[in-house]
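Quick notes on the structure that follows.
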Amino acid sequence: MMKILLIGCGLTSTITAYLLRTRIPNIHITVWDKARGPGGRTSVRRGPNGTFVDLGAQFITTDSSALTKYSDIYKNLIISKVLEPMKCRIEGLSESHGKQHFIAPNGTNTLVKYFLNNANVDCTMFEKRVSTITPNGKVTCICGTEEFFDVVIITTPAPQILQLDCPIPLIIRNELEKVTYSTRFTFNMFYKRPILEEEWDVKFMNDDTFRYVSIENRKRQQYYEADCVTFHSTKEFGKRYIEETKDSMFPILSDKVNKLFPNWPTPETSNVHKWLYSQVTTPYTNSPGCILLNESIPILAGGDCFTRSTFNGCIESAQKICEMVEKLKI
């Protein structure tokens with residue numbers, strides 16, 4: 001039985017596991033992630049009263065061609081109500097012809113959980129930060145865990161791939177070093193009840209600090225739930241403060257929110273999240289979907305840095321990974 005390890009538990013990794021399970025019989029799938037739970041850049045932050053905000057991807061934008069191309073995936077997500085059409089009031093979004101927006105009513109990380117559950121993964125382990133991958137297939141974590149695999153698939157951001165003690169040809173290493181990301185901060189606010197009186201639910205802003213603000217419960221059309229709000233910073237702001245921590249940014253972001261919305265009441269709680277690697281700004285050359293790092297024990301790398309930072313980009317990368325695994329002579 002082929003033993004496959006997926007490093008990372010975000011969208012690309014779990015879609016890959018889902019597709020591999022349907023395409024290749026008699027495989028053993030293991031998923032390791034350095035975080036405490038699934039989600040990657042679709043993670044949520046929970047507040048009091050059962051409220052939560054989407055820290056990363058806020059909603060899914062697609063079009064009719066992608067809905068057709070990836071119909072098996074979209075159809076199942078919509079039937080199971082993991083995805084629903086976005087019906088809230090949006091201000092400041094430049095609409096393009098044929099675009100459709102979807103939200104995950106229970107949080108964007110439920111996409112990852114859906115694929116993870118339906119992939120029937122044999123072993124999922126968190127707080128496993130991989131440090132070394134040898135050419136004979138031994139994978140070692142910082143905590144000391146060691147295991148041998150027939151195929152290793154890495155779906156983490158390019159800078160984290162480069163941090164691994166792993167056989168990577170110099171020409172590929174040079175290309176990975178060219179991949180760049182934006183850095184983004186989110187400022188998250190939680191209230192005890194529905195209290196905000198804005199005429200919009202989601203707003204794209206023309207501001208030097210924040211690009212986006214969402215009253216999250218209203219984004220999900222939960223108008224009678226306690227208000228919870230997330231602000232996402234601009235790429236330029238993230239670049240300017242890239243060396244700062246979430247704690248050092250709290251007063252700066254809090255002051256800006258108060259200036260933008262001086263009539264808003266003080267929330268019950270608020271916090272900051274930092275995405276060092278938010279969206280890909282310069283993808284891997286020619287966006288191949290995935291690459292082969294090592295042939296002896298196949299080590300593959302995929303993810304949005306090999307396509308683009310969208311849901312469809314993650315699907316595309318996952319499909320490319322599966323095609324490459326199917327071609328391997330193991």
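Chain lettering (A, B, ...) mirrors the order of the structure tokens, residue numbering begins at 1 for each chain separately, and ligand numbering begins at 1 in order of display.
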Would you please give, as number ranges by chain, all residues of stretch 84-321 of chain A that DSSP assigns to alpha helix (DSSP H) based on the backbone? A: 109-118, 158-163, 170-177, 216-219, 235-240, 246-260, 311-321
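The environment of A:Arg211 within 9 Å, counting only C-alpha atoms and disregarding residues fewer than 2 places along the same chain, consists of Lys203, Phe204, Met205, Asn206, Asp207, Asp208, Thr209, Val213, Phe231, His232, Ser233, Thr234 and Lys235 of chain A.
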Find the residues of stretch 91-162 of chain A that sit at most 7 Å from stretch 35-52 of chain A; for each, write down the nearest two atoms and how far apart they are in Å, to one decimal. Count only C-alpha atoms. Sort by chain, then by number going up, and give it as a tab-separated table.
```
residue	atom	partner	partner_atom	distance
A:Gly107	CA	A:Val44	CA	6.7
A:Thr108	CA	A:Thr42	CA	5.5
A:Asn109	CA	A:Thr42	CA	4.9
A:Val112	CA	A:Gly39	CA	5.7
A:Lys113	CA	A:Pro38	CA	6.9
A:Phe126	CA	A:Arg36	CA	5.3
A:Glu127	CA	A:Ala35	CA	5.1
```
Restrict the selected residues to N, CA, C and O atoms and save them as a PDB file, in the first residue's frame.
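Listing of result39.pdb after writing:
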```
ATOM      1  N   GLY A 107     -18.162  29.305   8.538  1.00  0.00           N
ATOM      2  CA  GLY A 107     -16.741  29.634   8.562  1.00  0.00           C
ATOM      3  C   GLY A 107     -15.999  29.016   7.399  1.00  0.00           C
ATOM      4  O   GLY A 107     -16.267  27.874   7.018  1.00  0.00           O
ATOM      5  N   THR A 108     -15.072  29.774   6.804  1.00  0.00           N
ATOM      6  CA  THR A 108     -14.369  29.289   5.625  1.00  0.00           C
ATOM      7  C   THR A 108     -13.547  28.043   5.915  1.00  0.00           C
ATOM      8  O   THR A 108     -13.293  27.231   5.018  1.00  0.00           O
ATOM      9  N   ASN A 109     -13.156  27.860   7.178  1.00  0.00           N
ATOM     10  CA  ASN A 109     -12.390  26.650   7.497  1.00  0.00           C
ATOM     11  C   ASN A 109     -13.232  25.376   7.381  1.00  0.00           C
ATOM     12  O   ASN A 109     -12.682  24.274   7.368  1.00  0.00           O
ATOM     13  N   VAL A 112     -12.102  23.256   4.444  1.00  0.00           N
ATOM     14  CA  VAL A 112     -11.000  22.346   4.740  1.00  0.00           C
ATOM     15  C   VAL A 112     -11.514  21.119   5.485  1.00  0.00           C
ATOM     16  O   VAL A 112     -11.141  19.976   5.180  1.00  0.00           O
ATOM     17  N   LYS A 113     -12.372  21.342   6.473  1.00  0.00           N
ATOM     18  CA  LYS A 113     -12.906  20.219   7.258  1.00  0.00           C
ATOM     19  C   LYS A 113     -13.737  19.286   6.393  1.00  0.00           C
ATOM     20  O   LYS A 113     -13.710  18.061   6.571  1.00  0.00           O
ATOM     21  N   PHE A 126      -1.676  17.133  14.389  1.00  0.00           N
ATOM     22  CA  PHE A 126      -1.373  18.559  14.456  1.00  0.00           C
ATOM     23  C   PHE A 126      -0.207  18.807  15.416  1.00  0.00           C
ATOM     24  O   PHE A 126       0.231  17.908  16.127  1.00  0.00           O
ATOM     25  N   GLU A 127       0.282  20.051  15.364  1.00  0.00           N
ATOM     26  CA  GLU A 127       1.478  20.434  16.125  1.00  0.00           C
ATOM     27  C   GLU A 127       2.660  19.532  15.743  1.00  0.00           C
ATOM     28  O   GLU A 127       3.454  19.139  16.579  1.00  0.00           O
TER      29      GLU A 127
END
```
Might you pull out every residue within 8 Å of A:Ile291, with only C-alpha atoms counted and same-chain residues fewer than 5 positions away left off, and present them as a list in words? Leu300, Ala301 and Gly302 of chain A
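One distance worth recording is that between atom CA of A:Gln100 and atom CA of A:Asp72, which is 17.1 Å.
Atom CA of A:Ile133 is positioned 19.1 Å from atom CA of A:Glu177.
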Between A:Gly137, A:Pro159, A:Gly92, A:Gly10, single out the one closest to A:Tyr114, counting only C-alpha atoms. A:Gly10
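Among the candidates A:Glu225, A:Lys259, A:Thr156, A:Ile195, the one nearest to A:Leu176 when counting only C-alpha atoms is A:Thr156.
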Using only C-alpha atoms, which residues sit within 10 Å of A:Phe190 once same-chain residues fewer than 6 positions away are excluded, as a list in words? Arg46, Gly47, Pro48, Asn49, Thr51, Phe52, Val53, Ile215, Glu216, Ala226, Asp227, Cys228, Val229, Thr230, Thr266, Pro267, Glu268, Thr269, Ser270 and Asn271 of chain A
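Counting only C-alpha atoms, the residue from A:Ser309, A:Asn117, A:Gln58, A:Ser182 that sits nearest to A:Phe237 is A:Ser182.
Residues in contact with A:Lys239 at up to 10 Å, not including ones fewer than 3 positions away on its chain and judged by only C-alpha atoms, are A:Tyr181, A:Ser182, A:Thr183, A:Arg184, A:Thr234, A:Lys235, A:Glu236, A:Ile242, A:Glu243, A:Leu276.
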Need the shell around A:Glu295: protein/DNA/RNA residues with any atom at most 10 Å away, counting only C-alpha atoms. Skip same-chain ones fewer than 6 positions apart. Format as an NGL selection string? :A and (135 or 151 or 167 or 328)
Okay, now the selection with all heavy atoms, as an mmCIF file, in the first residue's frame?
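File out_34.cif, as written:
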```
data_model
loop_
_atom_site.group_PDB
_atom_site.id
_atom_site.type_symbol
_atom_site.label_atom_id
_atom_site.label_comp_id
_atom_site.auth_asym_id
_atom_site.auth_seq_id
_atom_site.Cartn_x
_atom_site.Cartn_y
_atom_site.Cartn_z
ATOM 1 N N PRO A 135 16.181 11.746 1.233
ATOM 2 C CA PRO A 135 15.893 11.140 -0.081
ATOM 3 C C PRO A 135 15.348 9.723 -0.010
ATOM 4 O O PRO A 135 14.817 9.219 -0.998
ATOM 5 C CB PRO A 135 17.264 11.162 -0.776
ATOM 6 C CG PRO A 135 18.036 12.231 -0.092
ATOM 7 C CD PRO A 135 17.580 12.203 1.325
ATOM 8 N N VAL A 151 5.588 8.668 -0.710
ATOM 9 C CA VAL A 151 5.428 9.952 -1.406
ATOM 10 C C VAL A 151 5.218 11.031 -0.356
ATOM 11 O O VAL A 151 4.454 10.836 0.594
ATOM 12 C CB VAL A 151 4.217 9.943 -2.370
ATOM 13 C CG1 VAL A 151 4.071 11.288 -3.063
ATOM 14 C CG2 VAL A 151 4.349 8.828 -3.393
ATOM 15 N N PRO A 167 16.056 17.637 0.054
ATOM 16 C CA PRO A 167 16.790 17.688 -1.222
ATOM 17 C C PRO A 167 16.025 18.484 -2.277
ATOM 18 O O PRO A 167 15.038 18.010 -2.832
ATOM 19 C CB PRO A 167 16.914 16.214 -1.617
ATOM 20 C CG PRO A 167 15.769 15.533 -0.943
ATOM 21 C CD PRO A 167 15.562 16.270 0.343
ATOM 22 N N LEU A 328 3.465 8.447 -11.156
ATOM 23 C CA LEU A 328 4.632 7.890 -10.487
ATOM 24 C C LEU A 328 4.636 6.378 -10.571
ATOM 25 O O LEU A 328 3.616 5.717 -10.419
ATOM 26 C CB LEU A 328 4.651 8.326 -9.015
ATOM 27 C CG LEU A 328 4.792 9.832 -8.751
ATOM 28 C CD1 LEU A 328 4.638 10.116 -7.267
ATOM 29 C CD2 LEU A 328 6.122 10.346 -9.250
#
```
So that I can see what lies close to stretch 60-71 of chain A, please list as an MDAnalysis selection string the residues with an atom at most 12 Å from it, counting only C-alpha atoms and leaving out residues fewer than 3 positions away in the same chain. chainID A and resid 15 19 42 56:57 74:79 82:86 93 95:105 107:108 111 309:316 318:319
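Compared by their closest atoms to A:Ala158, and using only C-alpha atoms, the residues A:Thr30, A:Asn258, A:Ser248, A:Thr180 rank with A:Thr180 nearest.
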